[in-house]
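Trainee: Take a look at entry.cif, mmCIF, C-alpha atoms and all ligand atoms:
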```
data_target
loop_
_atom_site.group_PDB
_atom_site.id
_atom_site.type_symbol
_atom_site.label_atom_id
_atom_site.label_comp_id
_atom_site.auth_asym_id
_atom_site.auth_seq_id
_atom_site.Cartn_x
_atom_site.Cartn_y
_atom_site.Cartn_z
ATOM 1 C CA MET A 160 4.165 -1.178 5.193
ATOM 2 C CA LYS A 161 7.453 0.100 6.582
ATOM 3 C CA ILE A 162 7.258 3.101 8.900
ATOM 4 C CA ARG A 163 9.693 5.126 11.004
ATOM 5 C CA SER A 164 9.536 4.869 14.767
ATOM 6 C CA PRO A 165 8.122 8.100 16.199
ATOM 7 C CA LYS A 166 10.645 7.728 19.026
ATOM 8 C CA ASN A 167 13.778 7.184 16.959
ATOM 9 C CA ASP A 168 14.333 8.475 13.402
ATOM 10 C CA ARG A 169 16.565 5.536 12.484
ATOM 11 C CA GLU A 170 14.379 2.697 13.700
ATOM 12 C CA GLU A 171 11.979 1.005 11.362
ATOM 13 C CA ILE A 172 8.758 -0.747 12.263
ATOM 14 C CA ILE A 173 6.725 -2.961 9.972
ATOM 15 C CA LEU A 174 2.984 -2.486 10.006
ATOM 16 C CA PRO A 175 1.459 -5.946 9.524
ATOM 17 C CA PRO A 176 -0.578 -6.207 6.301
ATOM 18 C CA ALA A 177 -3.365 -7.828 8.358
ATOM 19 C CA MET A 178 -4.099 -4.504 10.062
ATOM 20 C CA SER A 179 -5.149 -3.050 6.713
ATOM 21 C CA ASN A 180 -7.732 -5.790 6.177
ATOM 22 C CA LEU A 181 -10.660 -4.065 7.795
ATOM 23 C CA ASN A 182 -12.992 -7.061 7.484
ATOM 24 C CA THR A 183 -11.167 -8.571 10.436
ATOM 25 C CA VAL A 184 -10.498 -6.908 13.760
ATOM 26 C CA TYR A 185 -6.760 -6.619 14.351
ATOM 27 C CA SER A 186 -5.243 -5.542 17.654
ATOM 28 C CA GLY A 187 -1.725 -6.066 18.959
ATOM 29 C CA THR A 188 1.636 -4.475 19.530
ATOM 30 C CA ILE A 189 4.282 -3.444 17.032
ATOM 31 C CA SER A 190 7.839 -2.674 17.955
ATOM 32 C CA SER A 191 11.120 -1.509 16.524
ATOM 33 C CA GLU A 192 14.308 -3.543 16.834
ATOM 34 C CA SER A 193 15.402 -1.492 19.838
ATOM 35 C CA GLY A 194 12.073 -2.075 21.563
ATOM 36 C CA ASP A 195 9.967 1.047 20.924
ATOM 37 C CA GLU A 196 6.435 -0.312 21.292
ATOM 38 C CA PHE A 197 3.173 0.970 19.868
ATOM 39 C CA SER A 198 -0.316 -0.426 19.988
ATOM 40 C CA ILE A 199 -2.731 -1.287 17.239
ATOM 41 C CA THR A 200 -6.325 -1.285 18.413
ATOM 42 C CA ASN A 201 -9.180 -2.240 16.135
ATOM 43 C CA ASN A 202 -6.843 -1.881 13.127
ATOM 44 C CA ILE A 203 -5.716 1.648 14.068
ATOM 45 C CA ALA A 204 -2.006 2.083 14.839
ATOM 46 C CA ASP A 205 -1.411 4.618 17.595
ATOM 47 C CA LEU A 206 1.807 6.444 16.733
ATOM 48 C CA LEU A 207 1.008 9.734 18.412
ATOM 49 C CA VAL A 208 3.738 10.322 20.967
ATOM 50 C CA ASP A 209 3.547 14.031 21.653
ATOM 51 C CA GLU A 210 0.009 15.329 21.951
ATOM 52 C CA LYS A 211 0.086 19.113 21.545
ATOM 53 C CA PRO A 212 -2.742 21.508 22.528
ATOM 54 C CA TYR A 213 -5.560 21.665 19.985
ATOM 55 C CA THR A 214 -7.258 24.728 18.534
ATOM 56 C CA LEU A 215 -11.035 24.897 18.896
ATOM 57 C CA ALA A 216 -11.515 23.697 15.296
ATOM 58 C CA GLN A 217 -9.163 20.772 15.906
ATOM 59 C CA SER A 218 -10.872 19.891 19.207
ATOM 60 C CA THR A 219 -14.246 19.536 17.526
ATOM 61 C CA ASN A 220 -12.726 16.816 15.342
ATOM 62 C CA HIS A 221 -12.108 14.807 18.490
ATOM 63 C CA TRP A 222 -15.804 14.671 19.296
ATOM 64 C CA LYS A 223 -17.615 11.480 18.395
ATOM 65 C CA ILE A 224 -20.666 13.435 17.236
ATOM 66 C CA THR A 225 -18.590 15.493 14.751
ATOM 67 C CA ALA A 226 -16.936 12.378 13.396
ATOM 68 C CA SER A 227 -20.244 10.546 13.013
ATOM 69 C CA ILE A 228 -21.970 13.290 10.980
ATOM 70 C CA TYR A 229 -18.917 14.767 9.256
ATOM 71 C CA GLU A 230 -19.032 12.963 5.936
ATOM 72 C CA ASN A 231 -22.729 12.357 5.383
ATOM 73 C CA LEU A 232 -24.031 15.688 6.607
ATOM 74 C CA TRP A 233 -21.161 18.020 5.729
ATOM 75 C CA ARG A 234 -18.420 16.658 3.500
ATOM 76 C CA ASN A 235 -20.642 15.201 0.791
ATOM 77 C CA ARG A 236 -22.222 18.636 0.286
ATOM 78 C CA SER A 237 -19.482 20.947 1.458
ATOM 79 C CA LEU A 238 -18.147 21.913 -1.957
ATOM 80 C CA SER A 239 -21.602 22.768 -3.303
ATOM 81 C CA ILE A 240 -22.224 24.915 -0.217
ATOM 82 C CA LEU A 241 -18.818 26.577 -0.353
ATOM 83 C CA THR A 242 -18.749 27.204 -4.123
ATOM 84 C CA GLY A 243 -22.428 28.146 -4.377
ATOM 85 C CA GLU A 244 -22.919 25.811 -7.365
ATOM 86 C CA PRO A 245 -23.601 22.083 -7.699
ATOM 87 C CA PHE A 246 -20.351 20.252 -6.967
ATOM 88 C CA PRO A 247 -21.086 16.561 -6.399
ATOM 89 C CA ILE A 248 -18.609 14.629 -4.279
ATOM 90 C CA ASP A 249 -18.084 12.212 -7.193
ATOM 91 C CA GLU A 250 -16.737 15.082 -9.278
ATOM 92 C CA GLU A 251 -14.182 15.844 -6.569
ATOM 93 C CA LYS A 252 -13.136 12.178 -6.342
ATOM 94 C CA LYS A 253 -12.841 12.050 -10.141
ATOM 95 C CA LEU A 254 -10.489 15.032 -10.103
ATOM 96 C CA LEU A 255 -8.459 13.443 -7.307
ATOM 97 C CA ILE A 256 -7.970 10.259 -9.324
ATOM 98 C CA GLU A 257 -7.302 12.120 -12.585
ATOM 99 C CA TRP A 258 -4.608 14.298 -11.031
ATOM 100 C CA VAL A 259 -2.983 11.694 -8.798
ATOM 101 C CA ASN A 260 -3.270 9.069 -11.521
ATOM 102 C CA PRO A 261 -2.274 6.304 -9.073
ATOM 103 C CA LEU A 262 0.167 3.627 -10.166
ATOM 104 C CA PRO A 263 -1.231 0.058 -10.152
ATOM 105 C CA ASP A 264 0.875 -0.816 -7.106
ATOM 106 C CA GLY A 265 2.009 2.466 -5.621
ATOM 107 C CA SER A 266 1.890 3.866 -2.119
ATOM 108 C CA TYR A 267 -0.291 6.809 -1.183
ATOM 109 C CA LEU A 268 -1.105 8.809 1.919
ATOM 110 C CA ASP A 269 -4.178 10.828 2.865
ATOM 111 C CA VAL A 270 -2.928 13.539 5.265
ATOM 112 C CA GLY A 271 -5.441 14.712 7.883
ATOM 113 C CA CYS A 272 -7.840 12.161 6.488
ATOM 114 C CA SER A 273 -10.863 12.530 8.844
ATOM 115 C CA THR A 274 -13.141 9.773 7.515
ATOM 116 C CA ALA A 275 -10.612 8.844 4.800
ATOM 117 C CA LEU A 276 -12.714 9.975 1.863
ATOM 118 C CA TYR A 277 -9.659 10.490 -0.357
ATOM 119 C CA ALA A 278 -7.882 7.346 0.879
ATOM 120 C CA ARG A 279 -10.919 5.207 0.089
ATOM 121 C CA ALA A 280 -11.248 6.745 -3.381
ATOM 122 C CA LEU A 281 -7.555 6.085 -4.072
ATOM 123 C CA LYS A 282 -7.843 2.464 -2.917
ATOM 124 C CA LYS A 283 -10.878 1.909 -5.139
ATOM 125 C CA ALA A 284 -9.013 3.354 -8.116
ATOM 126 C CA SER A 285 -5.872 1.340 -7.429
ATOM 127 C CA PRO A 286 -6.760 -1.775 -5.391
ATOM 128 C CA LYS A 287 -3.213 -3.135 -5.321
ATOM 129 C CA SER A 288 -1.674 0.062 -3.976
ATOM 130 C CA GLU A 289 -0.870 0.494 -0.294
ATOM 131 C CA ILE A 290 -2.908 3.351 1.058
ATOM 132 C CA ALA A 291 -2.367 4.972 4.436
ATOM 133 C CA ALA A 292 -4.717 7.428 6.086
ATOM 134 C CA LEU A 293 -3.339 9.607 8.882
ATOM 135 C CA ASP A 294 -5.134 11.778 11.412
ATOM 136 C CA PHE A 295 -4.591 12.710 15.047
ATOM 137 C CA SER A 296 -8.250 12.217 15.931
ATOM 138 C CA LYS A 297 -9.119 8.718 17.104
ATOM 139 C CA GLN A 298 -12.802 9.511 16.665
ATOM 140 C CA MET A 299 -12.285 10.374 12.986
ATOM 141 C CA LEU A 300 -10.164 7.256 12.453
ATOM 142 C CA ASP A 301 -12.846 5.058 14.071
ATOM 143 C CA GLU A 302 -15.337 6.485 11.605
ATOM 144 C CA ALA A 303 -12.850 6.056 8.732
ATOM 145 C CA ARG A 304 -12.469 2.432 9.757
ATOM 146 C CA MET A 305 -16.219 1.817 9.603
ATOM 147 C CA LYS A 306 -16.616 3.543 6.271
ATOM 148 C CA ALA A 307 -13.619 1.811 4.713
ATOM 149 C CA GLU A 308 -14.856 -1.579 5.909
ATOM 150 C CA GLY A 309 -18.261 -0.782 4.414
ATOM 151 C CA ASP A 310 -16.582 0.155 1.114
ATOM 152 C CA GLN A 311 -14.402 -2.989 1.211
ATOM 153 C CA THR A 312 -11.313 -0.807 0.970
ATOM 154 C CA ASP A 313 -8.225 -1.947 2.866
ATOM 155 C CA LEU A 314 -6.363 0.930 4.473
ATOM 156 C CA TYR A 315 -3.544 1.441 6.944
ATOM 157 C CA LEU A 316 -5.126 3.714 9.556
ATOM 158 C CA ILE A 317 -2.574 5.734 11.460
ATOM 159 C CA LYS A 318 -3.057 7.982 14.453
ATOM 160 C CA ALA A 319 -0.207 10.462 14.291
ATOM 161 C CA ASP A 320 0.609 14.143 14.009
ATOM 162 C CA ALA A 321 1.198 15.404 10.469
ATOM 163 C CA ARG A 322 3.850 17.754 11.874
ATOM 164 C CA VAL A 323 6.123 14.761 12.557
ATOM 165 C CA MET A 324 5.041 11.934 10.318
ATOM 166 C CA PRO A 325 6.126 8.403 11.197
ATOM 167 C CA PHE A 326 7.484 7.708 7.718
ATOM 168 C CA PHE A 327 10.925 7.658 6.156
ATOM 169 C CA ASN A 328 11.948 10.158 3.488
ATOM 170 C CA GLN A 329 10.490 9.490 0.040
ATOM 171 C CA THR A 330 8.067 6.765 1.112
ATOM 172 C CA PHE A 331 5.038 7.689 -0.981
ATOM 173 C CA ASP A 332 4.299 8.006 -4.688
ATOM 174 C CA GLY A 333 1.532 10.441 -3.928
ATOM 175 C CA LEU A 334 -0.224 12.373 -1.193
ATOM 176 C CA ALA A 335 -3.666 13.870 -0.850
ATOM 177 C CA MET A 336 -4.903 16.563 1.492
ATOM 178 C CA GLY A 337 -8.540 17.621 1.463
ATOM 179 C CA GLY A 338 -9.447 20.725 3.443
ATOM 180 C CA THR A 339 -6.890 20.021 6.140
ATOM 181 C CA LEU A 340 -4.430 22.817 5.296
ATOM 182 C CA ASN A 341 -6.876 25.414 6.651
ATOM 183 C CA GLU A 342 -7.112 23.614 9.946
ATOM 184 C CA LEU A 343 -3.439 23.004 10.633
ATOM 185 C CA SER A 344 -1.254 24.614 13.247
ATOM 186 C CA ASP A 345 2.290 24.903 11.847
ATOM 187 C CA GLU A 346 1.104 24.521 8.257
ATOM 188 C CA LEU A 347 4.572 25.099 6.797
ATOM 189 C CA LYS A 348 6.012 22.386 8.998
ATOM 190 C CA VAL A 349 3.345 19.975 7.729
ATOM 191 C CA LEU A 350 4.024 20.953 4.112
ATOM 192 C CA PHE A 351 7.755 20.322 4.648
ATOM 193 C CA GLU A 352 6.867 16.927 6.138
ATOM 194 C CA CYS A 353 4.696 16.188 3.120
ATOM 195 C CA ARG A 354 7.588 16.992 0.798
ATOM 196 C CA ARG A 355 9.951 14.873 2.897
ATOM 197 C CA VAL A 356 7.821 11.709 2.797
ATOM 198 C CA LEU A 357 6.962 12.155 -0.894
ATOM 199 C CA LYS A 358 9.227 10.678 -3.548
ATOM 200 C CA ASN A 359 11.009 13.098 -5.880
ATOM 201 C CA ASN A 360 8.591 14.024 -8.646
ATOM 202 C CA GLY A 361 5.728 12.555 -6.614
ATOM 203 C CA VAL A 362 2.356 14.222 -6.825
ATOM 204 C CA MET A 363 0.284 15.883 -4.127
ATOM 205 C CA PHE A 364 -3.406 16.628 -4.543
ATOM 206 C CA MET A 365 -4.437 19.621 -2.471
ATOM 207 C CA MET A 366 -7.912 20.990 -1.875
ATOM 208 C CA HIS A 367 -8.032 24.023 0.385
ATOM 209 C CA LEU A 368 -10.017 27.168 0.965
ATOM 210 C CA ILE A 369 -8.631 30.533 -0.081
ATOM 211 C CA LYS A 370 -9.421 34.005 1.221
ATOM 212 C CA SER A 371 -12.847 35.160 0.164
ATOM 213 C CA GLY A 372 -13.020 38.054 -2.272
ATOM 214 C CA ASN A 373 -16.148 39.596 -0.770
ATOM 215 C CA TRP A 374 -16.687 41.272 2.586
ATOM 216 C CA ILE A 375 -19.402 38.906 3.864
ATOM 217 C CA GLY A 376 -17.153 35.928 3.106
ATOM 218 C CA ARG A 377 -14.198 37.643 4.750
ATOM 219 C CA MET A 378 -16.261 38.452 7.839
ATOM 220 C CA MET A 379 -17.239 34.806 8.133
ATOM 221 C CA GLN A 380 -13.653 33.684 7.608
ATOM 222 C CA GLU A 381 -12.395 36.162 10.196
ATOM 223 C CA SER A 382 -14.745 34.722 12.794
ATOM 224 C CA ALA A 383 -13.616 31.193 11.838
ATOM 225 C CA GLU A 384 -10.021 32.357 12.349
ATOM 226 C CA TRP A 385 -10.865 32.775 16.049
ATOM 227 C CA GLY A 386 -11.448 29.033 16.145
ATOM 228 C CA GLY A 387 -8.044 28.327 14.616
ATOM 229 C CA LEU A 388 -8.816 28.139 10.881
ATOM 230 C CA GLN A 389 -6.560 29.985 8.446
ATOM 231 C CA PHE A 390 -7.090 31.261 4.918
ATOM 232 C CA TRP A 391 -4.615 32.529 2.342
ATOM 233 C CA THR A 392 -4.816 34.148 -1.077
ATOM 234 C CA ILE A 393 -3.768 31.999 -4.023
ATOM 235 C CA ASP A 394 -0.428 33.826 -4.197
ATOM 236 C CA GLU A 395 0.175 33.315 -0.482
ATOM 237 C CA SER A 396 -0.753 29.631 -0.804
ATOM 238 C CA ASN A 397 1.551 29.143 -3.769
ATOM 239 C CA SER A 398 4.488 30.788 -2.070
ATOM 240 C CA MET A 399 4.000 28.409 0.896
ATOM 241 C CA PHE A 400 3.917 25.407 -1.468
ATOM 242 C CA LYS A 401 7.073 26.655 -3.184
ATOM 243 C CA ARG A 402 8.898 27.213 0.114
ATOM 244 C CA ALA A 403 8.113 23.659 1.140
ATOM 245 C CA GLY A 404 9.630 22.275 -2.071
ATOM 246 C CA PHE A 405 6.670 21.898 -4.418
ATOM 247 C CA THR A 406 5.903 23.255 -7.839
ATOM 248 C CA VAL A 407 2.351 24.038 -8.859
ATOM 249 C CA GLU A 408 1.481 21.929 -11.875
ATOM 250 C CA LYS A 409 -2.238 22.587 -12.169
ATOM 251 C CA GLN A 410 -4.595 24.815 -10.256
ATOM 252 C CA PHE A 411 -8.070 26.254 -10.414
ATOM 253 C CA HIS A 412 -10.577 27.604 -7.991
ATOM 254 C CA LYS A 413 -14.333 27.806 -7.795
ATOM 255 C CA GLY A 414 -15.230 30.550 -5.345
ATOM 256 C CA ILE A 415 -13.111 29.934 -2.263
ATOM 257 C CA VAL A 416 -12.434 26.265 -3.031
ATOM 258 C CA CYS A 417 -9.008 25.824 -4.596
ATOM 259 C CA PHE A 418 -7.638 22.642 -6.178
ATOM 260 C CA THR A 419 -3.916 22.331 -6.756
ATOM 261 C CA LYS A 420 -1.803 19.593 -8.264
ATOM 262 C CA LEU A 421 1.604 19.881 -6.643
ATOM 263 C CA ARG A 422 4.760 18.169 -7.789
ATOM 264 C CA ALA A 423 7.653 17.414 -5.451
ATOM 265 C CA ALA A 424 10.454 19.532 -6.874
ATOM 266 C CA VAL A 425 13.837 17.855 -7.113
HETATM 267 C C1 LIG A 501 -11.095 19.517 7.437
HETATM 268 S S1 LIG A 501 -10.751 17.950 8.100
HETATM 269 C C2 LIG A 501 -10.187 17.111 6.683
HETATM 270 C C3 LIG A 501 -11.087 16.223 5.999
HETATM 271 C C4 LIG A 501 -10.638 15.225 5.000
HETATM 272 N N1 LIG A 501 -9.304 15.402 4.527
HETATM 273 C C5 LIG A 501 -11.628 15.239 3.866
HETATM 274 O O1 LIG A 501 -11.257 15.467 2.720
HETATM 275 O O2 LIG A 501 -12.800 15.020 4.169
HETATM 276 C C6 LIG A 501 -9.205 18.148 8.893
HETATM 277 C C7 LIG A 501 -8.684 16.891 9.585
HETATM 278 O O3 LIG A 501 -7.301 17.073 9.832
HETATM 279 C C8 LIG A 501 -6.985 16.580 11.107
HETATM 280 N N2 LIG A 501 -5.778 17.286 11.556
HETATM 281 C C9 LIG A 501 -5.593 18.605 11.776
HETATM 282 N N3 LIG A 501 -4.322 18.857 12.136
HETATM 283 C C10 LIG A 501 -3.678 17.651 12.125
HETATM 284 C C11 LIG A 501 -2.349 17.244 12.415
HETATM 285 N N4 LIG A 501 -1.405 18.124 12.774
HETATM 286 N N5 LIG A 501 -2.046 15.949 12.329
HETATM 287 C C12 LIG A 501 -2.977 15.020 11.977
HETATM 288 N N6 LIG A 501 -4.258 15.350 11.693
HETATM 289 C C13 LIG A 501 -4.604 16.648 11.765
HETATM 290 C C14 LIG A 501 -8.217 16.819 11.966
HETATM 291 O O4 LIG A 501 -8.295 15.927 13.046
HETATM 292 C C15 LIG A 501 -9.338 16.614 10.932
HETATM 293 O O5 LIG A 501 -9.822 15.305 10.954
#
```
For the file at hand, write its structure as structure tokens.
Mentor:
Amino acid sequence: MKIRSPKNDREEIILPPAMSNLNTVYSGTISSESGDEFSITNNIADLLVDEKPYTLAQSTNHWKITASIYENLWRNRSLSILTGEPFPIDEEKKLLIEWVNPLPDGSYLDVGCSTALYARALKKASPKSEIAALDFSKQMLDEARMKAEGDQTDLYLIKADARVMPFFNQTFDGLAMGGTLNELSDELKVLFECRRVLKNNGVMFMMHLIKSGNWIGRMMQESAEWGGLQFWTIDESNSMFKRAGFTVEKQFHKGIVCFTKLRAAV
């Protein structure tokens, strides 16, 4: 997979295919032609060059304990808890695959992947596609690595900041972002980056939480906002998507959980 050097916009670096084979431990150094060097440790490429301060919510994702319980204890049930009705994780993955409809040999990116739930589902649906999963938490990527190896899904695991993604313009056929929008600092900047790395007419699957319509929900969201989470109405969300260069192709919400199929406007 070809990426852009985080230190120089014009320099390319090739990620060795062997690093995506998670059955085998891969560690080493990658470099651009002009000598920018980055390490790969245990199959995870470290391309984070400018570590910015984290919000409280973001910090918790750098704890090993959060990463180890995140998917099994929270993520697999989170949509049922948040919507107040049964919402099995398989239903969410089915929607992801239906809406992204991955090409047989495309390239896809899971942005703010945590344990790479979406990336793994995309790889299973399209085994010949190149799938990258990006997060700035090493602890989450370590967990993603274990889970992807267990699932026999080959992924490119990338430690980087979604605000400045180490990819060239129009690299990916599709992107997926599950729950991450609410946790971002500089969300518009990340959405612009998403549009930049997505091919024209490419698809982006977005799951995010919208502002609650009842006062108890709002009270809870307001306290979560202290920790750095953000919530928007559907209209506010859609105007952000539009500003970043997306059109909304499909959308529905169940309670505060909103699913949107975005298309990269040309
Ligand atoms: C709510 S979790 C997302 C979970 C995952 N997408 C899923 O569907 O299970 C948010 C993740 O985004 C990551 N994150 C937040 N801001 C980021 C940024 N600027 N760059 C990279 N990762 C970021 C956090 O480390 C965390 O793992």
Trainee: Would you tabulate, counting only C-alpha atoms and all ligand atoms, all residues of chain A that have an atom at most 7 Å from an atom of ligand LIG 501 (chain A), showing the closest pair of atoms and their distance in Å to one decimal, sorted by chain then ascending number, as a tab-separated table?
Mentor:
```
residue	atom	partner	partner_atom	distance
A:Gln217	CA	A:LIG501	C14	5.7
A:Asn220	CA	A:LIG501	O4	5.1
A:His221	CA	A:LIG501	O4	6.7
A:Glu230	CA	A:LIG501	O2	6.8
A:Arg234	CA	A:LIG501	O2	5.9
A:Val270	CA	A:LIG501	N1	6.7
A:Gly271	CA	A:LIG501	O3	3.6
A:Cys272	CA	A:LIG501	N1	4.1
A:Ser273	CA	A:LIG501	O5	3.6
A:Thr274	CA	A:LIG501	O2	6.2
A:Ala275	CA	A:LIG501	C4	6.4
A:Leu276	CA	A:LIG501	O2	5.5
A:Tyr277	CA	A:LIG501	O1	6.1
A:Leu293	CA	A:LIG501	C12	6.2
A:Asp294	CA	A:LIG501	N6	3.7
A:Phe295	CA	A:LIG501	C12	4.2
A:Ser296	CA	A:LIG501	O4	4.7
A:Met299	CA	A:LIG501	O5	5.9
A:Ala319	CA	A:LIG501	C12	5.8
A:Asp320	CA	A:LIG501	N5	3.6
A:Ala321	CA	A:LIG501	N5	3.8
A:Arg322	CA	A:LIG501	N4	5.3
A:Met336	CA	A:LIG501	N1	5.5
A:Gly337	CA	A:LIG501	O1	3.7
A:Gly338	CA	A:LIG501	C1	4.5
A:Thr339	CA	A:LIG501	C6	4.1
A:Glu342	CA	A:LIG501	C9	5.5
A:Leu343	CA	A:LIG501	N3	4.5
A:Ser344	CA	A:LIG501	N4	6.5
```
Trainee: Show me, as a PDB file with C-alpha atoms, keeping the file's coordinate frame, the residues that have an atom within 6 Å of range 327-330 of chain A when counting only C-alpha atoms, minus same-chain residues fewer than 4 positions from it.
Mentor:
```pdb
ATOM      1  CA  ARG A 163       9.693   5.126  11.004  1.00  0.00           C
ATOM      2  CA  ARG A 355       9.951  14.873   2.897  1.00  0.00           C
ATOM      3  CA  VAL A 356       7.821  11.709   2.797  1.00  0.00           C
ATOM      4  CA  LEU A 357       6.962  12.155  -0.894  1.00  0.00           C
ATOM      5  CA  LYS A 358       9.227  10.678  -3.548  1.00  0.00           C
TER       6      LYS A 358
END
```
Trainee: Have a look at CA of Ser164 in chain A and CA of Phe326 in chain A and let me know their distance in Å, one decimal.
Mentor: 7.9 Å
Trainee: Selected by the PyMOL selection byres (((chain A and resi 205) around 12) and not hetatm) in the shown coordinates: which residues, as a count of residues only?
Mentor: 36
Trainee: Under the rule that only C-alpha atoms are counted, which of A:Ala383, A:Val416, A:Thr225, A:Arg422 is the nearest residue to Glu244 in chain A?
Mentor: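 Checking each of A:Ala383, A:Val416, A:Thr225, A:Arg422 against Glu244 in chain A, counting only C-alpha atoms, the winner is A:Val416.
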Trainee: Name the residues captured by the PyMOL selection byres (((chain A and resi 347) around 12) and not hetatm) when it is applied to the shown file; answer as a list in words.
Mentor: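 So the PyMOL selection byres (((chain A and resi 347) around 12) and not hetatm), applied here, picks out Ala321, Arg322, Val323, Leu340, Asn341, Leu343, Ser344, Asp345, Glu346, Lys348, Val349, Leu350, Phe351, Glu352, Cys353, Arg354, Glu395, Ser396, Asn397, Ser398, Met399, Phe400, Lys401, Arg402, Ala403, Gly404 and Phe405 of chain A.
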Trainee: Taking all atoms listed in the file into account, which of A:Thr392, A:Asn231, A:Ser193, A:Ser371 comes nearest Lys306 in chain A?
Mentor: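 Once distances to Lys306 in chain A are computed over all atoms listed in the file, the minimum belongs to A:Asn231.
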Trainee: Distance CA of Arg236 in chain A-CA of Phe418 in chain A, one decimal place?
Mentor: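 So the answer is 16.4 Å.
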Trainee: Restricting the calculation to all atoms listed in the file: of A:Gly243, A:Gly361, A:Gly386, A:Gly376, which residue gets closest to Ser218 in chain A?
Mentor: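 Checking each candidate against Ser218 in chain A, we get A:Gly386 as the closest.
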Trainee: Please write the residues picked by the PyMOL selection byres (((chain A and resi 307) around 9) and not hetatm) on this file as a VMD selection string.
Mentor: chain A and resid 181 274 to 276 278 to 279 302 to 306 308 to 314
Trainee: Let me make sure I understand: among A:Ala177, A:Trp222, A:Tyr213, A:Ile162, which one has the smallest atom-to-atom distance to Ser191 in chain A if we use all atoms listed in the file?
Mentor: A:Ile162
Trainee: Show which residues sit within 8 Å of range 251-260 of chain A, as a list of chain:residue names. Count only C-alpha atoms, and ignore same-chain residues fewer than 4 positions away.
Mentor: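 Non-adjacent residues within range: A:Phe246, A:Pro247, A:Tyr277, A:Ala280, A:Leu281, A:Ala284, A:Gly333, A:Val362, A:Met363, A:Phe364, A:Lys420.
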Trainee: Just how far from CA of Ser266 in chain A is CA of Met160 in chain A, in Å to one decimal?
Mentor: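 The value is 9.2 Å.
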Trainee: Out of A:Val425, A:Ile248, A:Met324, A:Leu241, which residue has the shortest atom-to-atom distance to Lys413 in chain A when counting only C-alpha atoms?
Mentor: A:Leu241
